[in-house]
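Coordinates as given in protein28.cif (mmCIF, C-alpha atoms):
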data_final
#
loop_
_atom_site.label_atom_id
_atom_site.label_comp_id
_atom_site.auth_asym_id
_atom_site.auth_seq_id
_atom_site.Cartn_x
_atom_site.Cartn_y
_atom_site.Cartn_z
CA MET A 1 55.10 120.43 71.46
CA ILE A 2 56.64 123.10 69.25
CA ARG A 3 60.39 123.48 69.52
CA LEU A 4 61.87 126.85 68.68
CA PRO A 5 65.55 127.60 68.33
CA ARG A 6 66.90 129.44 71.39
CA ARG A 7 67.33 132.72 69.44
CA ARG A 8 63.76 132.72 68.25
CA TRP A 9 62.51 131.93 71.78
CA LEU A 10 64.43 134.89 73.21
CA GLY A 11 63.01 137.11 70.45
CA LEU A 12 59.46 136.16 71.38
CA VAL A 13 60.15 136.88 75.04
CA GLY A 14 61.60 140.26 74.04
CA LEU A 15 58.47 141.12 72.04
CA ALA A 16 56.30 140.45 75.07
CA ALA A 17 58.31 142.98 77.07
CA LEU A 18 57.74 145.85 74.62
CA PRO A 19 55.53 148.65 75.89
CA ARG A 20 51.95 148.59 74.65
CA PRO A 21 49.39 151.39 74.68
CA ALA A 22 47.45 151.42 77.94
CA HIS A 23 43.70 151.63 77.99
CA ALA A 24 42.95 154.53 80.30
CA HIS A 25 39.96 154.77 82.58
CA ALA A 26 37.73 157.83 82.40
CA ILE A 27 38.99 160.31 84.97
CA LEU A 28 36.91 163.17 86.36
CA VAL A 29 38.61 166.37 85.20
CA GLU A 30 36.17 169.01 86.45
CA SER A 31 32.88 169.15 88.31
CA ASP A 32 30.25 171.76 89.11
CA PRO A 33 29.80 171.83 92.00
CA PRO A 34 33.46 171.23 92.84
CA HIS A 35 34.58 168.79 95.56
CA GLU A 36 33.69 170.12 99.07
CA ALA A 37 32.04 173.27 97.62
CA ARG A 38 29.29 175.27 99.30
CA VAL A 39 26.37 175.98 96.97
CA PRO A 40 22.99 177.68 97.50
CA GLU A 41 19.84 175.58 97.69
CA GLY A 42 17.44 175.42 94.76
CA GLU A 43 17.46 174.16 91.20
CA ARG A 44 20.88 173.75 89.60
CA VAL A 45 22.54 171.99 86.67
CA LEU A 46 25.25 169.62 87.89
CA THR A 47 28.06 169.11 85.37
CA PHE A 48 30.89 166.53 85.33
CA ARG A 49 33.61 166.57 82.65
CA PHE A 50 35.85 163.56 82.01
CA ASN A 51 39.06 162.98 80.06
CA ALA A 52 37.52 160.38 77.74
CA ARG A 53 34.41 159.72 75.69
CA LEU A 54 31.68 157.97 77.67
CA ASP A 55 28.97 155.48 76.88
CA ARG A 56 26.17 157.80 78.02
CA LEU A 57 23.54 155.03 78.08
CA ARG A 58 25.53 153.08 80.67
CA SER A 59 26.76 156.04 82.74
CA ARG A 60 24.86 157.71 85.55
CA LEU A 61 24.75 160.43 88.18
CA THR A 62 23.08 159.78 91.54
CA LEU A 63 22.29 162.56 94.01
CA ILE A 64 22.54 161.53 97.66
CA GLY A 65 20.82 164.03 99.96
CA ALA A 66 21.31 164.89 103.61
CA ASP A 67 18.70 162.26 104.56
CA LYS A 68 20.69 159.63 102.52
CA THR A 69 17.94 159.44 99.89
CA GLN A 70 19.43 158.42 96.52
CA THR A 71 18.00 159.84 93.30
CA VAL A 72 19.27 158.74 89.89
CA LEU A 73 19.31 161.92 87.79
CA ALA A 74 18.13 162.15 84.18
CA LEU A 75 21.11 163.12 82.02
CA LEU A 76 20.88 166.18 79.79
CA PRO A 77 22.06 166.00 76.17
CA GLY A 78 25.68 167.04 75.71
CA PRO A 79 29.17 166.11 74.52
CA ASP A 80 30.39 162.53 74.97
CA GLU A 81 32.91 163.59 77.67
CA VAL A 82 30.35 165.44 79.81
CA LEU A 83 27.52 164.28 82.05
CA SER A 84 25.09 166.89 83.30
CA ALA A 85 21.72 166.78 85.01
CA ARG A 86 19.23 169.21 86.52
CA ALA A 87 18.57 168.73 90.24
CA VAL A 88 16.79 170.51 93.07
CA LEU A 89 19.21 170.80 95.98
CA ALA A 90 17.96 170.89 99.58
CA ARG A 91 19.93 172.35 102.47
CA GLY A 92 22.53 170.12 104.12
CA PRO A 93 25.36 167.80 103.07
CA ALA A 94 24.98 166.20 99.64
CA THR A 95 27.00 163.98 97.33
CA VAL A 96 26.87 163.22 93.64
CA ARG A 97 27.95 159.64 92.99
CA TRP A 98 29.06 159.16 89.39
CA GLN A 99 29.60 155.95 87.53
CA VAL A 100 30.81 156.03 83.95
CA LEU A 101 31.63 153.52 81.26
CA ALA A 102 34.39 154.77 78.98
CA MET A 103 34.20 153.84 75.32
CA ASP A 104 37.22 151.55 75.89
CA GLY A 105 35.06 149.39 78.18
CA HIS A 106 36.40 150.44 81.60
CA ILE A 107 34.00 151.43 84.40
CA THR A 108 35.06 154.06 86.93
CA ARG A 109 33.12 155.63 89.77
CA GLY A 110 33.52 158.23 92.43
CA ASP A 111 31.84 160.72 94.74
CA VAL A 112 31.78 164.51 94.81
CA PRO A 113 30.61 165.70 98.24
CA PHE A 114 29.41 169.27 98.76
CA THR A 115 27.23 171.31 101.13
CA VAL A 116 23.99 173.02 100.20
CA THR A 117 23.53 176.28 102.10
CA GLY A 118 20.44 178.36 102.82
CA GLY A 119 21.08 180.86 100.12
#

Could you write out this structure as structure tokens?
Amino acid sequence: MIRLPRRRWLGLVGLAALPRPAHAHAILVESDPPHEARVPEGERVLTFRFNARLDRLRSRLTLIGADKTQTVLALLPGPDEVLSARAVLARGPATVRWQVLAMDGHITRGDVPFTVTGG
């Protein structure tokens, strides 16, 4: 067992209490379509911008249609903070479920529900 003088022990405890930089999770900053939006049916590019660089190979967008069918969308090329994909939207409620891996190693996920209208 290592014995430290009391002063040194208190100094080590004090060092442990110092603030350290936090590793932030990727947070969705903006989406198109926005949360609870109404958008016309048809082909559309869906775009999701985050506050951090993403590991694009391990991140994904999944479209959930009115019939609860889930389709993993092919990501378009773009900046490291943005995921976008082309999708054909059918009338009714829909959701894009996103899951991203930030470059700091943290996974975050969420849903953006919206409604597809007849035009």

Output check: residues returned by the PyMOL selection byres ((chain A and resi 68-81) around 8), as a short mmCIF file (atom, residue, chain, number, x, y, z; two decimals) with C-alpha atoms, in the frame of the given file:
data_model
loop_
_atom_site.label_atom_id
_atom_site.label_comp_id
_atom_site.auth_asym_id
_atom_site.auth_seq_id
_atom_site.Cartn_x
_atom_site.Cartn_y
_atom_site.Cartn_z
CA ARG A 49 33.61 166.57 82.65
CA PHE A 50 35.85 163.56 82.01
CA ASN A 51 39.06 162.98 80.06
CA ALA A 52 37.52 160.38 77.74
CA ARG A 53 34.41 159.72 75.69
CA LEU A 54 31.68 157.97 77.67
CA ASP A 55 28.97 155.48 76.88
CA ARG A 56 26.17 157.80 78.02
CA ARG A 60 24.86 157.71 85.55
CA LEU A 61 24.75 160.43 88.18
CA THR A 62 23.08 159.78 91.54
CA LEU A 63 22.29 162.56 94.01
CA ILE A 64 22.54 161.53 97.66
CA GLY A 65 20.82 164.03 99.96
CA ALA A 66 21.31 164.89 103.61
CA ASP A 67 18.70 162.26 104.56
CA VAL A 82 30.35 165.44 79.81
CA LEU A 83 27.52 164.28 82.05
CA SER A 84 25.09 166.89 83.30
CA ALA A 85 21.72 166.78 85.01
CA ARG A 86 19.23 169.21 86.52
CA ALA A 87 18.57 168.73 90.24
#

Exercise. Given the file above and the PyMOL selection byres ((chain A and resi 90) around 12), which residues are selected, and can you give them as a ChimeraX atom specification?
Worked result: /A:39-44,63-69,87-89,91-95,114-119

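Closest approach to Val100 of chain A among A:Ser59, A:Pro33, A:Val112, A:Ile27 is made by A:Ser59 (distances from only C-alpha atoms).
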
The distance between atom CA of Leu46 of chain A and atom CA of Gly105 of chain A is 24.5 Å

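Relative to atom CA of Glu36 of chain A, atom CA of Arg97 of chain A is found at 13.4 Å.
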
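The coordinates place atom CA of Ala102 of chain A at 5.7 Å from atom CA of Ala26 of chain A.
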
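In terms of minimum interatomic distance to Ser31 of chain A, A:Val96 ranks closest within A:Val96, A:Leu101, A:Ile107, A:Leu57, counting all atoms listed in the file.
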
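Taking all atoms listed in the file into account, His25 of chain A lies nearest to A:His106 out of the set A:His106, A:Arg38, A:Trp98, A:Thr47.
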